[in-house]
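upload_39.cif (mmCIF, C-alpha atoms)
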```cif
data_upload
loop_
_atom_site.label_atom_id
_atom_site.label_comp_id
_atom_site.auth_asym_id
_atom_site.auth_seq_id
_atom_site.Cartn_x
_atom_site.Cartn_y
_atom_site.Cartn_z
CA MET S 514 26.76 -10.55 7.26
CA LEU S 515 25.21 -11.16 3.84
CA VAL S 516 22.20 -12.88 5.43
CA LEU S 517 21.59 -9.86 7.67
CA CYS S 518 21.77 -7.54 4.66
CA LEU S 519 19.23 -9.64 2.76
CA LEU S 520 16.86 -9.77 5.74
CA ALA S 521 17.05 -5.99 6.05
CA VAL S 522 15.42 -5.49 2.63
CA VAL S 523 12.67 -8.11 3.03
CA ARG S 524 9.50 -6.01 3.23
CA THR S 525 7.42 -8.75 4.85
CA LEU S 526 9.66 -8.60 7.91
CA ARG S 527 7.86 -6.73 10.70
CA TYR S 528 9.30 -3.40 11.80
CA THR S 529 10.29 -4.46 15.32
CA HIS S 530 12.19 -7.47 13.93
CA TRP S 531 13.62 -5.35 11.10
CA LEU S 532 15.04 -2.87 13.62
CA LYS S 533 16.52 -5.68 15.72
CA PHE S 534 18.26 -7.08 12.65
CA HIS S 535 19.77 -3.65 12.01
CA GLN S 536 21.03 -3.59 15.58
CA VAL S 537 22.50 -7.07 15.20
CA LEU S 538 24.19 -5.89 12.02
CA SER S 539 25.74 -3.04 14.03
CA ILE S 540 27.13 -5.49 16.58
CA VAL S 541 28.58 -7.65 13.81
CA PHE S 542 30.16 -4.58 12.20
CA LEU S 543 31.77 -3.53 15.48
CA GLY S 544 33.11 -7.05 15.99
CA LEU S 545 34.65 -7.09 12.53
CA THR S 546 36.09 -3.63 13.16
CA LEU S 547 37.88 -4.81 16.30
CA HIS S 548 39.18 -7.82 14.40
CA CYS S 549 40.54 -5.63 11.59
CA VAL S 550 42.16 -3.15 13.99
CA ARG S 551 43.86 -6.01 15.80
CA LEU S 552 45.38 -7.22 12.53
CA MET S 553 46.50 -3.78 11.36
CA ASP S 554 50.15 -2.83 11.15
CA THR S 555 51.83 0.57 10.96
CA THR S 556 52.78 -0.15 7.36
CA ASP S 557 49.09 -0.35 6.48
CA PHE S 558 48.95 3.45 6.46
CA MET S 559 51.46 3.79 3.65
CA MET S 560 48.80 3.63 0.94
CA SER S 561 45.82 5.92 0.33
CA PHE S 562 43.45 2.94 0.12
CA ASP S 563 44.25 2.01 3.71
CA TRP S 564 43.45 5.53 4.89
CA LEU S 565 40.13 5.34 3.03
CA ASN S 566 39.43 2.00 4.70
CA LEU S 567 40.19 3.55 8.09
CA ILE S 568 37.85 6.50 7.49
CA ILE S 569 35.01 4.18 6.44
CA THR S 570 35.64 1.96 9.46
CA VAL S 571 35.56 4.87 11.91
CA ALA S 572 32.43 6.37 10.32
CA GLY S 573 30.69 2.98 10.35
CA SER S 574 31.63 2.39 13.98
CA VAL S 575 30.21 5.75 15.03
CA ALA S 576 26.97 5.04 13.15
CA ALA S 577 26.73 1.56 14.71
CA LEU S 578 27.19 2.94 18.24
CA ILE S 579 24.55 5.62 17.65
CA LEU S 580 22.09 3.01 16.37
CA LEU S 581 22.73 0.76 19.37
CA PHE S 582 22.66 3.33 22.17
CA ARG S 583 20.56 6.24 20.89
CA GLY S 584 18.53 4.66 18.12
CA PRO S 585 17.78 6.03 14.63
CA GLY S 586 16.51 9.59 14.33
CA ALA S 587 17.66 10.62 17.81
CA LYS S 588 18.38 14.21 16.77
CA LEU S 589 14.87 14.61 15.40
CA ARG S 590 12.99 13.54 18.52
CA GLU S 591 10.65 15.79 20.44
CA GLU S 592 7.79 15.41 22.85
CA GLY S 593 4.33 16.80 22.30
CA THR S 594 1.01 17.15 24.05
CA ILE S 595 -2.28 16.24 22.42
CA VAL S 596 -4.52 19.30 22.76
CA GLU S 597 -7.38 18.09 20.57
CA THR S 598 -8.69 14.75 19.34
CA ALA S 599 -11.58 13.92 17.04
CA CYS S 600 -12.89 10.89 15.17
CA GLU S 601 -15.02 11.01 12.05
CA GLY S 602 -15.73 8.00 9.90
CA ALA S 603 -12.58 5.88 9.71
CA THR S 604 -10.32 8.88 10.31
CA THR S 605 -8.79 10.06 13.58
CA LYS S 606 -7.41 13.56 14.09
CA TRP S 607 -4.83 14.62 16.64
CA VAL S 608 -3.73 18.20 17.20
CA VAL S 609 -0.35 18.10 18.95
CA GLU S 610 1.46 21.02 20.55
CA THR S 611 5.19 20.48 20.00
CA PRO S 612 8.43 22.37 19.20
CA LEU S 613 8.77 20.04 16.21
CA SER S 614 6.20 22.18 14.39
CA ARG S 615 8.94 24.73 13.61
CA ARG S 616 10.71 22.21 11.37
CA VAL S 617 7.80 20.60 9.52
CA LEU S 618 7.07 21.52 5.90
CA PRO S 619 3.74 20.88 4.14
CA GLY S 620 3.66 17.34 2.77
CA GLN S 621 6.02 15.79 5.30
CA PHE S 622 5.22 13.17 7.93
CA VAL S 623 6.35 12.35 11.45
CA PHE S 624 6.62 9.26 13.61
CA ALA S 625 4.50 9.36 16.74
CA ALA S 626 3.87 7.00 19.62
CA THR S 627 2.06 6.91 22.92
CA GLU S 628 3.68 5.44 26.02
CA GLY S 629 4.66 1.80 25.64
CA GLU S 630 4.03 1.71 21.88
CA PRO S 631 6.52 1.68 18.97
CA LEU S 632 6.70 4.64 16.62
CA HIS S 633 4.13 4.82 13.81
CA PRO S 634 4.05 7.15 10.79
CA PHE S 635 1.49 9.98 10.73
CA SER S 636 0.96 12.40 7.85
CA VAL S 637 1.02 16.04 8.89
CA ALA S 638 -2.24 17.63 7.77
CA GLY S 639 -1.68 21.09 9.22
CA ILE S 640 0.96 23.32 10.81
CA ASP S 641 -0.03 26.36 12.83
CA LYS S 642 1.30 28.31 15.84
CA GLY S 643 3.38 25.62 17.49
CA ARG S 644 0.94 22.85 16.68
CA ILE S 645 0.66 20.14 14.07
CA MET S 646 -2.45 18.27 12.99
CA LEU S 647 -2.12 14.55 12.34
CA LEU S 648 -4.67 12.48 10.42
CA THR S 649 -4.68 8.71 10.27
CA LEU S 650 -7.00 5.99 9.00
CA ARG S 651 -8.02 2.99 11.05
CA LEU S 652 -6.04 0.39 9.17
CA GLY S 653 -4.50 -1.78 11.89
CA ASP S 654 -4.55 -2.65 15.58
CA TYR S 655 -2.77 0.51 16.69
CA THR S 656 -4.52 3.02 14.41
CA GLY S 657 -7.86 1.27 14.82
CA GLU S 658 -7.91 0.59 18.56
CA VAL S 659 -5.30 2.73 20.32
CA VAL S 660 -5.19 6.00 18.37
CA PRO S 661 -8.96 6.79 18.48
CA ASN S 662 -9.02 6.28 22.27
CA VAL S 663 -6.03 8.44 23.19
CA PRO S 664 -7.28 11.18 25.54
CA LYS S 665 -6.65 14.89 25.29
CA GLY S 666 -3.64 15.99 27.34
CA MET S 667 -1.58 12.84 26.78
CA THR S 668 2.12 13.20 26.01
CA VAL S 669 3.36 11.60 22.80
CA ARG S 670 6.84 10.91 21.46
CA LEU S 671 7.55 12.42 18.06
CA GLU S 672 10.33 12.00 15.52
CA GLY S 673 10.81 13.89 12.30
CA PRO S 674 9.96 15.47 10.05
CA TRP S 675 10.56 12.99 7.25
CA GLY S 676 9.65 12.84 3.57
CA ALA S 677 10.30 14.95 0.48
CA PHE S 678 6.72 15.38 -0.76
CA ARG S 679 7.08 19.14 -0.66
CA LEU S 680 4.88 21.78 -2.18
CA VAL S 681 6.13 23.98 -5.03
CA LEU S 682 3.72 26.76 -5.94
CA ASP S 683 4.11 28.97 -9.00
CA ASP S 684 1.92 30.34 -11.79
CA ARG S 685 1.83 27.05 -13.73
CA PRO S 686 -1.33 24.88 -13.62
CA GLN S 687 -1.09 21.94 -11.25
CA THR S 688 -3.12 18.77 -10.72
CA TRP S 689 -2.93 17.04 -7.35
CA VAL S 690 -4.12 13.42 -7.21
CA ALA S 691 -4.81 12.33 -3.64
CA GLY S 692 -5.30 8.79 -2.42
CA GLY S 693 -4.73 9.85 1.18
CA ILE S 694 -5.82 13.41 1.85
CA ALA S 695 -3.67 14.25 4.90
CA PRO S 696 -0.54 15.69 3.21
CA PHE S 697 -2.71 17.62 0.77
CA MET S 698 -4.51 19.28 3.68
CA ALA S 699 -1.17 20.80 4.64
CA TRP S 700 -0.62 21.78 1.00
CA LEU S 701 -4.02 23.48 0.93
CA GLU S 702 -3.19 25.37 4.10
CA ALA S 703 0.01 26.66 2.50
CA ALA S 704 -1.71 27.43 -0.81
CA ALA S 705 -4.20 29.66 1.00
CA LYS S 706 -1.29 31.89 2.06
CA THR S 707 0.69 31.84 -1.21
CA PRO S 708 -0.18 33.17 -4.69
CA HIS S 709 -0.44 30.36 -7.22
CA GLY S 710 -1.77 29.42 -10.63
CA PRO S 711 -4.76 27.16 -11.33
CA VAL S 712 -4.73 24.09 -9.07
CA THR S 713 -7.07 21.09 -9.22
CA LEU S 714 -7.25 18.54 -6.41
CA CYS S 715 -8.53 15.12 -7.48
CA TRP S 716 -9.59 13.26 -4.35
CA CYS S 717 -9.94 9.52 -4.95
CA ILE S 718 -11.98 7.80 -2.24
CA ARG S 719 -14.27 4.84 -1.73
CA ASP S 720 -17.41 6.56 -0.45
CA LEU S 721 -17.77 10.28 0.30
CA ALA S 722 -20.55 9.64 2.82
CA LYS S 723 -18.17 7.54 4.93
CA GLU S 724 -15.13 9.76 4.52
CA GLY S 725 -13.97 11.56 7.65
CA PHE S 726 -13.55 15.34 7.70
CA ALA S 727 -14.85 15.77 4.14
CA ASP S 728 -16.35 19.16 5.03
CA GLU S 729 -12.93 20.34 6.23
CA VAL S 730 -11.39 19.31 2.92
CA LYS S 731 -14.02 21.24 0.97
CA ALA S 732 -13.58 24.33 3.15
CA ALA S 733 -9.78 24.16 2.81
CA CYS S 734 -10.10 24.04 -0.99
CA GLU S 735 -12.33 27.11 -0.97
CA ARG S 736 -9.88 29.06 1.20
CA ALA S 737 -6.97 28.08 -1.03
CA GLY S 738 -8.77 28.76 -4.31
CA VAL S 739 -8.27 25.15 -5.39
CA THR S 740 -10.78 23.28 -7.57
CA LEU S 741 -11.90 20.07 -5.88
CA ARG S 742 -12.95 17.04 -7.93
CA ILE S 743 -14.09 13.95 -6.01
CA PHE S 744 -13.96 10.45 -7.50
CA GLU S 745 -15.81 7.70 -5.63
CA SER S 746 -14.73 4.17 -6.54
CA ARG S 747 -18.04 2.75 -5.28
CA ILE S 748 -19.58 4.36 -8.36
CA ARG S 749 -16.71 3.69 -10.76
CA ARG S 750 -12.97 4.07 -10.87
CA ALA S 751 -11.48 7.22 -12.33
CA THR S 752 -9.40 6.96 -15.50
CA PRO S 753 -6.06 8.76 -15.99
CA ALA S 754 -7.71 10.96 -18.61
CA GLU S 755 -10.31 12.10 -16.07
CA LEU S 756 -7.73 12.75 -13.38
CA LEU S 757 -5.60 14.85 -15.72
CA ALA S 758 -8.47 16.55 -17.53
CA ASP S 759 -7.42 19.94 -16.19
CA SER S 760 -3.76 19.41 -17.06
CA PRO S 761 -2.51 21.34 -20.12
CA ALA S 762 -0.08 18.50 -20.80
CA CYS S 763 -2.71 16.02 -21.96
CA GLY S 764 -2.99 17.30 -25.51
CA LEU S 765 0.50 17.47 -26.95
CA ARG S 766 3.11 14.75 -26.79
CA LYS S 767 5.90 17.26 -26.31
CA ALA S 768 4.04 18.93 -23.47
CA TRP S 769 3.34 15.53 -21.93
CA ARG S 770 7.08 14.83 -21.80
CA GLY S 771 7.53 18.10 -19.99
CA ALA S 772 4.82 17.10 -17.53
CA LEU S 773 6.64 13.87 -16.78
CA GLU S 774 9.72 15.86 -15.87
CA ALA S 775 7.63 17.87 -13.39
CA PHE S 776 5.78 14.82 -12.09
CA MET S 777 6.15 14.14 -8.36
CA MET S 778 4.83 11.17 -6.42
CA GLU S 779 5.22 9.78 -2.93
CA GLU S 780 4.22 6.17 -2.34
CA PHE S 781 3.97 5.48 1.36
CA ARG S 782 4.80 1.96 2.53
CA TRP S 783 5.32 0.86 6.10
CA ARG S 784 6.21 -2.41 7.73
CA HIS S 785 3.80 -3.90 10.24
CA SER S 786 4.88 -2.99 13.76
CA LYS S 787 3.86 -6.12 15.61
#
```
Rewrite the coordinates I just gave you, this time as structure tokens.
Amino acid sequence: MLVLCLLAVVRTLRYTHWLKFHQVLSIVFLGLTLHCVRLMDTTDFMMSFDWLNLIITVAGSVAALILLFRGPGAKLREEGTIVETACEGATTKWVVETPLSRRVLPGQFVFAATEGEPLHPFSVAGIDKGRIMLLTLRLGDYTGEVVPNVPKGMTVRLEGPWGAFRLVLDDRPQTWVAGGIAPFMAWLEAAAKTPHGPVTLCWCIRDLAKEGFADEVKAACERAGVTLRIFESRIRRATPAELLADSPACGLRKAWRGALEAFMMEEFRWRHSK
């Protein structure tokens, strides 16, 4: 049991194996549950601790059965149809028509997969009229070879939305620092429809000339009234002072502490699927 728990947190373990270990853990839990029930006696329910143990056992058994027979995220699954595809640079865009669009908030992501493939994470770059736009970089076998060649009209499996990288707009100045632009595209779309204070988007990329959909990013910033600053690492890496140059918190130590309290970051990590 302890070995399975340790293997579950090893990040080098590939996703398909990681999921199998979780399923094995569910089987082990159910086996231990049956063993405990067999040893229970009516006098075991005389103490509150035993009732707590029973509640935890029942809840764990239900969760284990759901994981084994329905899989994780079953309630959040939908199907969608790809109505538009495009490739530009190292970026691929899908526009998917799906009922899931009613639940997605700007900044969240979904899992998506074509037939015969495991689920992969995709950042939602736009939400509009029953459709979501997904952007992904060619970083692996699936995103580099399969995703760019998926034809229009194909059905995809979706699960989500996930993530808490949610937009909060008010009259205070904001600085957005983007490594990946996809979730910020959804933020820009929302900012174009909502009154807000001064916003600066710092887009950190390798080479603007090779960046996909750069014109769309610029146009989205104009519509949203957001100042766009582009930093290309091929020229030189941006410093924290440059990234936060438009932040009012850079001058005073007290204000900087307040900025830390309002600081929000989402670091996206994903296990290899194969």
As a PDB file with C-alpha atoms, in the frame of the given file, please: the residues near S:Glu601 (cut-off 10 Å, all atoms listed in the file, same-chain neighbours under 2 positions excluded).
```
ATOM      1  CA  ALA S 599     -11.580  13.920  17.040  1.00  0.00           C
ATOM      2  CA  ALA S 603     -12.580   5.880   9.710  1.00  0.00           C
ATOM      3  CA  THR S 604     -10.320   8.880  10.310  1.00  0.00           C
ATOM      4  CA  THR S 605      -8.790  10.060  13.580  1.00  0.00           C
ATOM      5  CA  LYS S 606      -7.410  13.560  14.090  1.00  0.00           C
ATOM      6  CA  LEU S 650      -7.000   5.990   9.000  1.00  0.00           C
ATOM      7  CA  PRO S 661      -8.960   6.790  18.480  1.00  0.00           C
ATOM      8  CA  LYS S 723     -18.170   7.540   4.930  1.00  0.00           C
ATOM      9  CA  GLU S 724     -15.130   9.760   4.520  1.00  0.00           C
ATOM     10  CA  GLY S 725     -13.970  11.560   7.650  1.00  0.00           C
ATOM     11  CA  PHE S 726     -13.550  15.340   7.700  1.00  0.00           C
ATOM     12  CA  ALA S 727     -14.850  15.770   4.140  1.00  0.00           C
TER      13      ALA S 727
END
```
**OP:** Return the single residue from S:Arg670, S:Met560, S:Leu589, S:Cys549 that is closest to S:Val609, with distances computed using all atoms listed in the file.
**Re:** S:Arg670
Could you list the residues chosen by the PyMOL selection byres ((chain S and resi 680) around 7) in this structure as an mmCIF file with C-alpha atoms, in the frame of the given file?
```
data_model
loop_
_atom_site.group_PDB
_atom_site.id
_atom_site.type_symbol
_atom_site.label_atom_id
_atom_site.label_comp_id
_atom_site.auth_asym_id
_atom_site.auth_seq_id
_atom_site.Cartn_x
_atom_site.Cartn_y
_atom_site.Cartn_z
ATOM 1 C CA PRO S 619 3.740 20.880 4.140
ATOM 2 C CA GLY S 620 3.660 17.340 2.770
ATOM 3 C CA PHE S 678 6.720 15.380 -0.760
ATOM 4 C CA ARG S 679 7.080 19.140 -0.660
ATOM 5 C CA VAL S 681 6.130 23.980 -5.030
ATOM 6 C CA LEU S 682 3.720 26.760 -5.940
ATOM 7 C CA TRP S 700 -0.620 21.780 1.000
#
```
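With distances taken over all atoms listed in the file, S:Leu671 is the one residue among S:Leu652, S:Ile579, S:Leu671, S:Val659 lying closest to S:Ala625.
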**OP:** Take the PyMOL selection byres ((chain S and resi 732-744) around 10), apply it to the structure above, and return the hits as a PyMOL selection string.
**Re:** chain S and resi 687-691+697-721+727-731+745-752+755-756+759
**OP:** Check what the PyMOL selection byres ((chain S and resi 593) around 6) selects in the file above and give those residues as a ChimeraX atom specification.
**Re:** /S:592,594,609-611,668-669
